[in-house]
>>> print(open('data.pdb').read())   # PDB, C-alpha atoms
ATOM      1  CA  MET A   1    -136.781 -25.497 175.004
ATOM      2  CA  THR A   2    -134.597 -26.507 177.977
ATOM      3  CA  TYR A   3    -130.873 -25.945 177.697
ATOM      4  CA  PRO A   4    -128.278 -27.960 179.648
ATOM      5  CA  SER A   5    -125.867 -26.467 182.154
ATOM      6  CA  VAL A   6    -122.379 -25.918 180.758
ATOM      7  CA  THR A   7    -118.838 -25.870 182.068
ATOM      8  CA  VAL A   8    -116.519 -23.836 179.852
ATOM      9  CA  ALA A   9    -113.099 -25.383 180.458
ATOM     10  CA  VAL A  10    -110.067 -23.299 179.496
ATOM     11  CA  LEU A  11    -106.610 -24.835 179.614
ATOM     12  CA  THR A  12    -103.925 -22.216 180.235
ATOM     13  CA  TYR A  13    -100.160 -22.028 180.204
ATOM     14  CA  ASN A  14     -98.559 -18.602 179.806
ATOM     15  CA  GLY A  15    -101.665 -17.426 177.981
ATOM     16  CA  GLU A  16    -101.651 -13.753 178.945
ATOM     17  CA  LYS A  17    -101.830 -12.416 175.375
ATOM     18  CA  TYR A  18    -105.451 -13.332 174.619
ATOM     19  CA  LEU A  19    -106.749 -14.436 178.008
ATOM     20  CA  GLU A  20    -108.428 -11.197 179.065
ATOM     21  CA  ALA A  21    -110.366 -11.027 175.801
ATOM     22  CA  LEU A  22    -111.307 -14.703 176.106
ATOM     23  CA  LEU A  23    -112.605 -14.435 179.676
ATOM     24  CA  THR A  24    -114.549 -11.264 178.917
ATOM     25  CA  ALA A  25    -116.135 -12.922 175.880
ATOM     26  CA  VAL A  26    -117.142 -16.020 177.864
ATOM     27  CA  GLU A  27    -118.547 -13.946 180.715
ATOM     28  CA  GLY A  28    -120.613 -11.942 178.225
ATOM     29  CA  GLN A  29    -122.308 -14.946 176.616
ATOM     30  CA  ARG A  30    -126.079 -14.891 176.257
ATOM     31  CA  TYR A  31    -126.993 -18.432 177.251
ATOM     32  CA  ASP A  32    -130.245 -19.675 178.785
ATOM     33  CA  ALA A  33    -128.835 -21.915 181.527
ATOM     34  CA  SER A  34    -126.053 -21.904 184.107
ATOM     35  CA  VAL A  35    -122.453 -21.514 182.929
ATOM     36  CA  GLU A  36    -119.436 -22.483 185.009
ATOM     37  CA  LEU A  37    -116.043 -21.066 183.989
ATOM     38  CA  LEU A  38    -113.316 -23.561 184.888
ATOM     39  CA  VAL A  39    -109.647 -22.829 184.223
ATOM     40  CA  ILE A  40    -106.915 -25.437 184.591
ATOM     41  CA  ASP A  41    -103.509 -23.798 184.672
ATOM     42  CA  SER A  42    -100.355 -25.862 184.294
ATOM     43  CA  GLY A  43     -97.661 -23.695 185.865
ATOM     44  CA  SER A  44     -97.924 -20.313 184.120
ATOM     45  CA  THR A  45     -95.107 -17.884 184.895
ATOM     46  CA  ASP A  46     -96.419 -14.831 183.020
ATOM     47  CA  ARG A  47     -99.433 -12.673 183.982
ATOM     48  CA  THR A  48    -101.957 -15.489 183.463
ATOM     49  CA  LEU A  49    -102.716 -16.010 187.172
ATOM     50  CA  GLU A  50    -102.980 -12.261 187.733
ATOM     51  CA  ILE A  51    -105.526 -11.963 184.925
ATOM     52  CA  LEU A  52    -107.509 -14.922 186.278
ATOM     53  CA  ALA A  53    -107.580 -13.393 189.766
ATOM     54  CA  ALA A  54    -109.342 -10.324 188.357
ATOM     55  CA  HIS A  55    -112.262 -12.506 187.207
ATOM     56  CA  PRO A  56    -114.209 -13.722 190.261
ATOM     57  CA  ARG A  57    -116.348 -16.101 188.194
ATOM     58  CA  VAL A  58    -113.313 -18.208 187.355
ATOM     59  CA  ARG A  59    -112.949 -21.482 189.208
ATOM     60  CA  LEU A  60    -109.197 -22.077 189.088
ATOM     61  CA  HIS A  61    -107.554 -25.473 189.377
ATOM     62  CA  GLN A  62    -103.749 -25.550 189.246
ATOM     63  CA  ILE A  63    -101.520 -28.452 188.303
ATOM     64  CA  ALA A  64     -97.782 -28.795 187.882
ATOM     65  CA  ASN A  65     -96.515 -28.397 184.344
ATOM     66  CA  SER A  66     -95.189 -31.957 184.498
ATOM     67  CA  GLU A  67     -98.742 -33.209 185.120
ATOM     68  CA  PHE A  68    -100.166 -31.708 181.930
ATOM     69  CA  GLY A  69    -101.281 -33.970 179.120
ATOM     70  CA  HIS A  70    -103.460 -32.985 176.170
ATOM     71  CA  GLY A  71    -105.933 -35.794 176.789
ATOM     72  CA  ARG A  72    -105.250 -36.297 180.488
ATOM     73  CA  THR A  73    -105.947 -32.674 181.400
ATOM     74  CA  ARG A  74    -109.153 -32.575 179.361
ATOM     75  CA  ASN A  75    -110.294 -35.681 181.208
ATOM     76  CA  LEU A  76    -109.483 -33.876 184.450
ATOM     77  CA  ALA A  77    -111.637 -30.952 183.318
ATOM     78  CA  ALA A  78    -114.534 -33.327 182.664
ATOM     79  CA  ASP A  79    -114.092 -34.877 186.118
ATOM     80  CA  LEU A  80    -114.047 -31.443 187.789
ATOM     81  CA  ALA A  81    -116.897 -29.981 185.742
ATOM     82  CA  THR A  82    -120.382 -29.503 187.125
ATOM     83  CA  GLY A  83    -122.085 -28.787 183.790
ATOM     84  CA  GLU A  84    -123.893 -31.368 181.687
ATOM     85  CA  ILE A  85    -121.874 -30.150 178.691
ATOM     86  CA  VAL A  86    -118.137 -29.442 178.807
ATOM     87  CA  ALA A  87    -117.056 -26.782 176.305
ATOM     88  CA  TYR A  88    -113.308 -26.657 175.714
ATOM     89  CA  LEU A  89    -111.290 -23.600 174.688
ATOM     90  CA  THR A  90    -107.543 -23.160 174.394
ATOM     91  CA  HIS A  91    -106.207 -19.996 176.004
ATOM     92  CA  ASP A  92    -105.854 -18.220 172.651
ATOM     93  CA  ALA A  93    -109.315 -18.982 171.213
ATOM     94  CA  VAL A  94    -111.647 -16.014 171.703
ATOM     95  CA  PRO A  95    -115.408 -16.431 171.130
ATOM     96  CA  ALA A  96    -116.367 -14.297 168.124
ATOM     97  CA  HIS A  97    -119.794 -13.192 169.445
ATOM     98  CA  ASP A  98    -122.064 -13.430 172.470
ATOM     99  CA  ARG A  99    -124.044 -16.405 171.136
ATOM    100  CA  TRP A 100    -121.011 -18.623 170.604
ATOM    101  CA  LEU A 101    -121.925 -20.895 173.502
ATOM    102  CA  HIS A 102    -125.584 -21.097 172.481
ATOM    103  CA  GLU A 103    -124.585 -22.220 168.984
ATOM    104  CA  LEU A 104    -122.037 -24.722 170.325
ATOM    105  CA  VAL A 105    -124.567 -26.361 172.664
ATOM    106  CA  LEU A 106    -127.649 -26.229 170.414
ATOM    107  CA  PRO A 107    -126.794 -29.473 168.527
ATOM    108  CA  PHE A 108    -126.913 -31.408 171.820
ATOM    109  CA  VAL A 109    -130.395 -30.048 172.477
ATOM    110  CA  ASP A 110    -131.673 -30.934 169.016
ATOM    111  CA  ASP A 111    -130.197 -34.459 168.831
ATOM    112  CA  SER A 112    -129.617 -36.652 171.899
ATOM    113  CA  ARG A 113    -127.311 -38.920 169.869
ATOM    114  CA  ILE A 114    -124.746 -36.164 169.307
ATOM    115  CA  ALA A 115    -121.876 -36.653 171.753
ATOM    116  CA  ALA A 116    -119.363 -34.067 170.545
ATOM    117  CA  VAL A 117    -119.435 -30.781 168.639
ATOM    118  CA  VAL A 118    -116.602 -28.846 167.047
ATOM    119  CA  GLY A 119    -117.011 -25.135 166.335
ATOM    120  CA  LYS A 120    -115.567 -22.979 163.613
ATOM    121  CA  GLN A 121    -112.228 -21.188 163.838
ATOM    122  CA  VAL A 122    -111.743 -17.830 162.153
ATOM    123  CA  PRO A 123    -108.079 -16.894 161.722
ATOM    124  CA  ARG A 124    -106.921 -13.561 163.062
ATOM    125  CA  ALA A 125    -106.869 -10.900 160.362
ATOM    126  CA  SER A 126    -103.142 -10.346 160.814
ATOM    127  CA  ALA A 127    -102.162 -14.041 160.675
ATOM    128  CA  PRO A 128     -99.502 -15.091 158.140
ATOM    129  CA  PRO A 129    -101.242 -15.986 154.858
ATOM    130  CA  VAL A 130     -99.931 -19.558 154.832
ATOM    131  CA  LEU A 131    -101.760 -20.193 158.096
ATOM    132  CA  LYS A 132    -104.739 -17.911 157.538
ATOM    133  CA  TYR A 133    -105.780 -19.451 154.240
ATOM    134  CA  ASP A 134    -105.111 -23.018 155.423
ATOM    135  CA  ILE A 135    -107.505 -22.509 158.343
ATOM    136  CA  GLN A 136    -110.141 -21.051 156.041
ATOM    137  CA  ARG A 137    -109.826 -23.994 153.650
ATOM    138  CA  VAL A 138    -110.065 -26.569 156.457
ATOM    139  CA  PHE A 139    -113.339 -25.198 157.761
ATOM    140  CA  GLU A 140    -114.802 -24.688 154.290
ATOM    141  CA  ARG A 141    -114.434 -28.459 153.827
ATOM    142  CA  LEU A 142    -116.394 -29.265 156.973
ATOM    143  CA  GLY A 143    -119.697 -27.900 155.725
ATOM    144  CA  PRO A 144    -121.599 -24.735 154.838
ATOM    145  CA  ASP A 145    -121.693 -21.782 157.217
ATOM    146  CA  TYR A 146    -125.494 -21.763 157.335
ATOM    147  CA  ALA A 147    -126.167 -25.339 158.509
ATOM    148  CA  LEU A 148    -125.124 -27.944 161.048
ATOM    149  CA  THR A 149    -123.105 -30.870 159.670
ATOM    150  CA  VAL A 150    -123.603 -34.183 161.496
ATOM    151  CA  VAL A 151    -121.490 -37.336 161.074
ATOM    152  CA  SER A 152    -122.747 -40.627 162.445
ATOM    153  CA  ASP A 153    -120.790 -43.468 160.826
ATOM    154  CA  TRP A 154    -117.031 -43.511 160.395
ATOM    155  CA  GLY A 155    -116.899 -46.915 158.726
ATOM    156  CA  GLN A 156    -119.108 -46.052 155.763
ATOM    157  CA  LEU A 157    -117.416 -42.781 154.839
ATOM    158  CA  ASP A 158    -115.635 -42.795 151.509
ATOM    159  CA  GLU A 159    -111.991 -42.082 150.798
ATOM    160  CA  ASP A 160    -112.295 -38.995 148.567
ATOM    161  CA  GLY A 161    -111.637 -36.492 151.322
ATOM    162  CA  THR A 162    -115.018 -36.821 153.004
ATOM    163  CA  ARG A 163    -113.513 -39.046 155.665
ATOM    164  CA  ALA A 164    -110.770 -36.553 156.465
ATOM    165  CA  ALA A 165    -113.279 -33.747 156.809
ATOM    166  CA  ALA A 166    -115.655 -35.839 158.881
ATOM    167  CA  ALA A 167    -112.908 -36.965 161.247
ATOM    168  CA  PHE A 168    -111.608 -33.449 161.828
ATOM    169  CA  TYR A 169    -111.877 -32.261 165.399
ATOM    170  CA  SER A 170    -110.095 -29.519 167.286
ATOM    171  CA  ASP A 171    -110.100 -28.858 170.998
ATOM    172  CA  ALA A 172    -109.375 -25.194 170.417
ATOM    173  CA  ASN A 173    -113.169 -24.869 170.210
ATOM    174  CA  SER A 174    -115.274 -27.914 171.012
ATOM    175  CA  ALA A 175    -117.813 -29.397 173.403
ATOM    176  CA  ALA A 176    -118.887 -32.842 174.573
ATOM    177  CA  ARG A 177    -121.427 -34.385 176.893
ATOM    178  CA  ARG A 178    -119.908 -34.868 180.352
ATOM    179  CA  SER A 179    -121.667 -38.219 180.641
ATOM    180  CA  VAL A 180    -119.788 -39.404 177.556
ATOM    181  CA  LEU A 181    -116.464 -37.946 178.668
ATOM    182  CA  ARG A 182    -116.746 -39.719 182.008
ATOM    183  CA  GLY A 183    -118.064 -42.953 180.587
ATOM    184  CA  ALA A 184    -118.202 -44.187 177.007
ATOM    185  CA  VAL A 185    -115.348 -42.178 175.486
ATOM    186  CA  ARG A 186    -112.504 -40.753 177.539
ATOM    187  CA  TYR A 187    -109.736 -38.741 175.927
ATOM    188  CA  ARG A 188    -106.658 -40.836 175.314
ATOM    189  CA  ASP A 189    -103.402 -39.972 177.038
ATOM    190  CA  VAL A 190    -101.326 -39.361 173.921
ATOM    191  CA  ASP A 191     -98.567 -36.922 173.087
ATOM    192  CA  TYR A 192    -100.424 -35.330 170.197
ATOM    193  CA  ALA A 193    -103.687 -35.321 168.206
ATOM    194  CA  GLU A 194    -105.838 -36.344 171.180
ATOM    195  CA  ASP A 195    -108.727 -34.440 169.610
ATOM    196  CA  GLN A 196    -108.577 -36.367 166.343
ATOM    197  CA  LEU A 197    -108.516 -39.649 168.267
ATOM    198  CA  PHE A 198    -111.447 -38.523 170.394
ATOM    199  CA  ALA A 199    -113.523 -37.853 167.268
ATOM    200  CA  ARG A 200    -112.700 -41.282 165.885
ATOM    201  CA  ASP A 201    -113.586 -42.932 169.192
ATOM    202  CA  VAL A 202    -116.902 -41.084 169.396
ATOM    203  CA  LEU A 203    -117.900 -42.427 165.982
ATOM    204  CA  ALA A 204    -116.532 -45.912 166.713
ATOM    205  CA  ALA A 205    -118.717 -45.994 169.832
ATOM    206  CA  GLY A 206    -121.802 -45.505 167.637
ATOM    207  CA  LEU A 207    -122.279 -41.873 168.644
ATOM    208  CA  ARG A 208    -122.513 -38.750 166.508
ATOM    209  CA  LYS A 209    -120.318 -35.704 166.156
ATOM    210  CA  ALA A 210    -121.267 -32.391 164.614
ATOM    211  CA  TYR A 211    -119.735 -29.256 163.145
ATOM    212  CA  ALA A 212    -121.424 -26.031 164.276
ATOM    213  CA  PRO A 213    -120.175 -23.233 161.998
ATOM    214  CA  ARG A 214    -121.975 -20.446 163.863
ATOM    215  CA  ALA A 215    -120.129 -21.354 167.069
ATOM    216  CA  ALA A 216    -117.085 -19.401 165.919
ATOM    217  CA  VAL A 217    -113.946 -18.341 167.725
ATOM    218  CA  GLU A 218    -111.064 -16.194 166.575
ATOM    219  CA  HIS A 219    -108.038 -18.434 166.641
ATOM    220  CA  SER A 220    -104.750 -18.867 164.830
ATOM    221  CA  ASN A 221    -101.363 -19.715 166.257
ATOM    222  CA  ASP A 222     -98.747 -16.988 166.543
ATOM    223  CA  ILE A 223     -96.134 -18.609 164.355
ATOM    224  CA  THR A 224     -92.875 -17.218 163.025
ATOM    225  CA  LEU A 225     -90.735 -18.420 160.168
ATOM    226  CA  ARG A 226     -88.319 -19.838 162.734
ATOM    227  CA  THR A 227     -90.953 -21.886 164.599
ATOM    228  CA  PHE A 228     -93.177 -22.876 161.683
ATOM    229  CA  GLY A 229     -91.168 -25.864 160.498
ATOM    230  CA  ALA A 230     -91.021 -27.469 163.934
ATOM    231  CA  ARG A 231     -94.793 -27.091 164.289
ATOM    232  CA  ILE A 232     -95.455 -28.740 160.919
ATOM    233  CA  GLU A 233     -93.172 -31.642 161.817
ATOM    234  CA  ALA A 234     -94.890 -32.083 165.182
ATOM    235  CA  ASP A 235     -98.299 -32.057 163.483
ATOM    236  CA  MET A 236     -97.330 -34.623 160.870
ATOM    237  CA  MET A 237     -95.487 -36.971 163.239
ATOM    238  CA  GLY A 238     -98.346 -36.737 165.716
ATOM    239  CA  LEU A 239    -100.897 -37.666 163.069
ATOM    240  CA  ARG A 240     -98.753 -40.559 161.873
ATOM    241  CA  ALA A 241     -98.405 -41.795 165.461
ATOM    242  CA  ILE A 242    -102.189 -42.203 165.754
ATOM    243  CA  GLY A 243    -102.435 -44.101 162.484
ATOM    244  CA  THR A 244    -103.295 -41.320 160.028
ATOM    245  CA  VAL A 245    -101.823 -42.025 156.608
ATOM    246  CA  VAL A 246     -99.471 -39.215 155.592
ATOM    247  CA  PRO A 247     -98.272 -39.809 152.009
ATOM    248  CA  ARG A 248     -94.536 -39.634 151.462
ATOM    249  CA  VAL A 249     -93.425 -36.535 149.629
ATOM    250  CA  PRO A 250     -90.388 -36.771 147.334
ATOM    251  CA  ALA A 251     -88.272 -33.666 146.718
ATOM    252  CA  HIS A 252     -89.741 -32.873 143.290
ATOM    253  CA  ARG A 253     -93.298 -33.065 144.626
ATOM    254  CA  ALA A 254     -92.445 -30.811 147.560
ATOM    255  CA  ALA A 255     -91.050 -28.279 145.068
ATOM    256  CA  MET A 256     -94.203 -28.460 142.957
ATOM    257  CA  GLN A 257     -96.405 -27.965 146.002
ATOM    258  CA  TRP A 258     -94.290 -25.004 147.123
ATOM    259  CA  LEU A 259     -94.749 -23.346 143.725
ATOM    260  CA  ARG A 260     -98.451 -24.110 143.504
ATOM    261  CA  TRP A 261     -99.435 -22.822 146.929
ATOM    262  CA  SER A 262     -97.116 -19.828 146.795
ATOM    263  CA  LEU A 263     -98.952 -18.702 143.652
ATOM    264  CA  VAL A 264    -102.411 -19.522 145.057
ATOM    265  CA  ASP A 265    -101.665 -17.533 148.211
ATOM    266  CA  ALA A 266    -100.199 -14.648 146.230
ATOM    267  CA  ALA A 267    -103.497 -14.225 144.387
ATOM    268  CA  SER A 268    -105.352 -14.220 147.709
ATOM    269  CA  ILE A 269    -102.945 -11.752 149.308
ATOM    270  CA  VAL A 270    -103.521  -9.244 146.510
ATOM    271  CA  ARG A 271    -107.277  -9.361 147.213
ATOM    272  CA  ASP A 272    -107.043  -9.547 151.020
ATOM    273  CA  ARG A 273    -108.330  -6.294 152.542
ATOM    274  CA  ASP A 274    -107.271  -7.371 156.034
ATOM    275  CA  TYR A 275    -103.746  -6.407 155.004
ATOM    276  CA  ARG A 276    -102.710  -2.831 154.311
ATOM    277  CA  PRO A 277    -100.828  -2.174 151.048
ATOM    278  CA  LEU A 278     -97.357  -2.359 152.610
ATOM    279  CA  THR A 279     -98.331  -5.457 154.556
ATOM    280  CA  ARG A 280     -99.581  -7.104 151.360
ATOM    281  CA  LEU A 281     -96.243  -6.352 149.719
ATOM    282  CA  HIS A 282     -94.446  -7.809 152.749
ATOM    283  CA  TRP A 283     -96.414 -11.038 152.552
ATOM    284  CA  LEU A 284     -96.017 -11.325 148.778
ATOM    285  CA  LEU A 285     -92.272 -11.408 149.407
ATOM    286  CA  VAL A 286     -92.187 -13.420 152.630
ATOM    287  CA  ASN A 287     -95.044 -15.933 152.317
ATOM    288  CA  PRO A 288     -93.194 -18.117 149.762
ATOM    289  CA  TRP A 289     -90.508 -18.636 152.416
ATOM    290  CA  TYR A 290     -93.187 -19.932 154.780
ATOM    291  CA  HIS A 291     -94.271 -22.393 152.118
ATOM    292  CA  ALA A 292     -90.651 -23.455 151.576
ATOM    293  CA  VAL A 293     -90.359 -24.179 155.292
ATOM    294  CA  LYS A 294     -93.749 -25.924 155.313
ATOM    295  CA  TRP A 295     -93.055 -28.305 152.463
ATOM    296  CA  SER A 296     -89.512 -29.030 153.595
ATOM    297  CA  ALA A 297     -90.886 -29.963 157.012
ATOM    298  CA  TYR A 298     -93.696 -32.001 155.461
ATOM    299  CA  ARG A 299     -91.181 -33.894 153.311
ATOM    300  CA  ARG A 300     -88.914 -34.640 156.283
ATOM    301  CA  SER A 301     -91.731 -35.798 158.540
ATOM    302  CA  SER A 302     -93.416 -37.918 155.856
ATOM    303  CA  ASN A 303     -90.185 -39.791 155.135
ATOM    304  CA  ARG A 304     -88.882 -40.144 158.686
ATOM    305  CA  PRO A 305     -89.165 -43.626 160.250
ATOM    306  CA  LEU A 306     -91.919 -43.733 162.849
ATOM    307  CA  SER A 307     -90.941 -44.975 166.272
ATOM    308  CA  ALA A 308     -93.241 -47.000 168.512
ATOM    309  CA  SER A 309     -96.719 -45.502 168.613
ATOM    310  CA  SER A 310     -97.379 -42.972 171.338
ATOM    311  CA  VAL A 311    -101.045 -43.950 171.406
ATOM    312  CA  ARG A 312    -101.896 -45.238 174.867
ATOM    313  CA  PRO A 313    -105.402 -45.983 176.114
ATOM    314  CA  SER A 314    -106.571 -43.601 178.813
ATOM    315  CA  GLY A 315    -108.488 -45.980 181.061
ATOM    316  CA  ALA A 316    -110.656 -48.969 180.308
ATOM    317  CA  ALA A 317    -113.297 -46.857 178.601
ATOM    318  CA  ALA A 318    -111.023 -45.927 175.713
ATOM    319  CA  VAL A 319    -112.052 -47.368 172.354
ATOM    320  CA  ALA A 320    -109.306 -49.159 170.451
ATOM    321  CA  ASP A 321    -108.498 -48.255 166.848
TER
END
>>> encode(input="data.pdb", output="structure tokens")
Amino acid sequence: MTYPSVTVAVLTYNGEKYLEALLTAVEGQRYDASVELLVIDSGSTDRTLEILAAHPRVRLHQIANSEFGHGRTRNLAADLATGEIVAYLTHDAVPAHDRWLHELVLPFVDDSRIAAVVGKQVPRASAPPVLKYDIQRVFERLGPDYALTVVSDWGQLDEDGTRAAAAFYSDANSAARRSVLRGAVRYRDVDYAEDQLFARDVLAAGLRKAYAPRAAVEHSNDITLRTFGARIEADMMGLRAIGTVVPRVPAHRAAMQWLRWSLVDAASIVRDRDYRPLTRLHWLLVNPWYHAVKWSAYRRSSNRPLSASSVRPSGAAAVAD
């Protein structure tokens, strides 16, 4: 079996916390073809550049922070890449094992119609429960851990949640054919949710996307109670801006959801061996506050008027909604 060459593209900005572990994990991959390690840094001011300099395999491309765009910079990575496959990682997503890249690329080898693959994310053991369990639930919906899940037709998917799962895509851990990225489906230059739009455009172009559960990375955002609400609002407004229907949440429903998920998480916290006893007690007391912030933010963002869409085609190759 012949494997394609790969460019692992890492987008960095003040990513010193996990970057050393990420680079070491990528450099240690067991993969049966050439691997280029491309890093695009957008003006880091911490130790990111120092860490990169200690890794001779890294091909560094620097841009001004003002030039960064979620879709635009991923298109730049595809244009700079030499590999047939471009694998994307954010600077805080660390491959979980030395066959991560093999598992991420294998679907392309098995099926020439697959244009894009998203890998699994495993939350960090110490992540706040509200985030940890949400990530676990998201990836449980995408398919079983023992098999590849392939989606080929957006239009015929039903509305019972299958469509949401099938459309899910995250650039924290993904890969696409460079020929597609530079031709049929470019990333769109949008303020948010460029990955979700990319997945839709792949399917609209008659191509396939896949979920590769064995291509796992350790990834969860380092959120605090103070920053959590703003992140939820950004997520929801970004999804609404690209046309995703976000149901309005009245106050009584937000309160019911807060109670429900606080209790569901509490049961999980009690059983969670990643947390030590005192940490479990801490989260039993504090996690409901995270849910209060979450559902307050969800309610605000679902009821806020939406301004003009931020969706802008990124070149003539972009596929319209």
>>> closest_residue(input="data.pdb", among="A:His219, A:His252, A:Arg99, A:Arg57", to="Ala125 (chain A)", atoms="only C-alpha atoms")
A:His219
>>> resolve_selection(input="data.pdb", expression="the PyMOL selection byres ((chain A and resi 244-246) around 10)", output="PyMOL selection string")
chain A and resi 164+196-197+236-243+247-249+298+301-303
>>> atom_distance(input="data.pdb", atom1="CA of Pro107 (chain A)", atom2="CA of Lys120 (chain A)")
13.9 Å
>>> atom_distance(input="data.pdb", atom1="CA of Ala25 (chain A)", atom2="CA of Phe139 (chain A)")
22.1 Å
>>> atom_distance(input="data.pdb", atom1="CA of Val202 (chain A)", atom2="CA of Leu60 (chain A)")
28.4 Å
>>> closest_residue(input="data.pdb", among="A:Glu36, A:Asp171, A:Asp111, A:Asp92", to="Glu16 (chain A)", atoms="all atoms listed in the file")
A:Asp92
>>> resolve_selection(input="data.pdb", expression="the PyMOL selection byres ((chain A and resi 133) around 12)", output="NGL selection string")
:A and (121-132 or 134-140 or 220 or 261-262 or 264-269 or 272 or 287)
>>> resolve_selection(input="data.pdb", expression="the PyMOL selection byres ((chain A and resi 194) around 12)", output="VMD selection string")
chain A and resid 69 to 75 168 to 172 185 to 193 195 to 201 235 238 to 239 241 to 242 310 to 314 318
>>> residues_around(input="data.pdb", residues="Ala33 (chain A)", least_positions_apart="2", cutoff="8 Å", atoms="only C-alpha atoms", output="ChimeraX atom specification")
/A:3-6,31,35
>>> closest_residue(input="data.pdb", among="A:Asn14, A:Gln29, A:Ser179, A:Thr24", to="Glu84 (chain A)", atoms="all atoms listed in the file")
A:Ser179
>>> closest_residue(input="data.pdb", among="A:Leu263, A:Leu278, A:Val8, A:Leu52", to="Leu101 (chain A)", atoms="all atoms listed in the file")
A:Val8
>>> closest_residue(input="data.pdb", among="A:Ile85, A:Leu104, A:Ala9, A:Leu76", to="Val58 (chain A)", atoms="only C-alpha atoms")
A:Ala9
>>> closest_residue(input="data.pdb", among="A:Leu281, A:Ala175, A:Leu203, A:Leu37", to="Arg113 (chain A)", atoms="all atoms listed in the file")
A:Leu203
>>> residues_around(input="data.pdb", residues="Pro213 (chain A)", least_positions_apart="6", cutoff="8 Å", atoms="all atoms listed in the file", output="NGL selection string")
:A and (119-120 or 143-148)
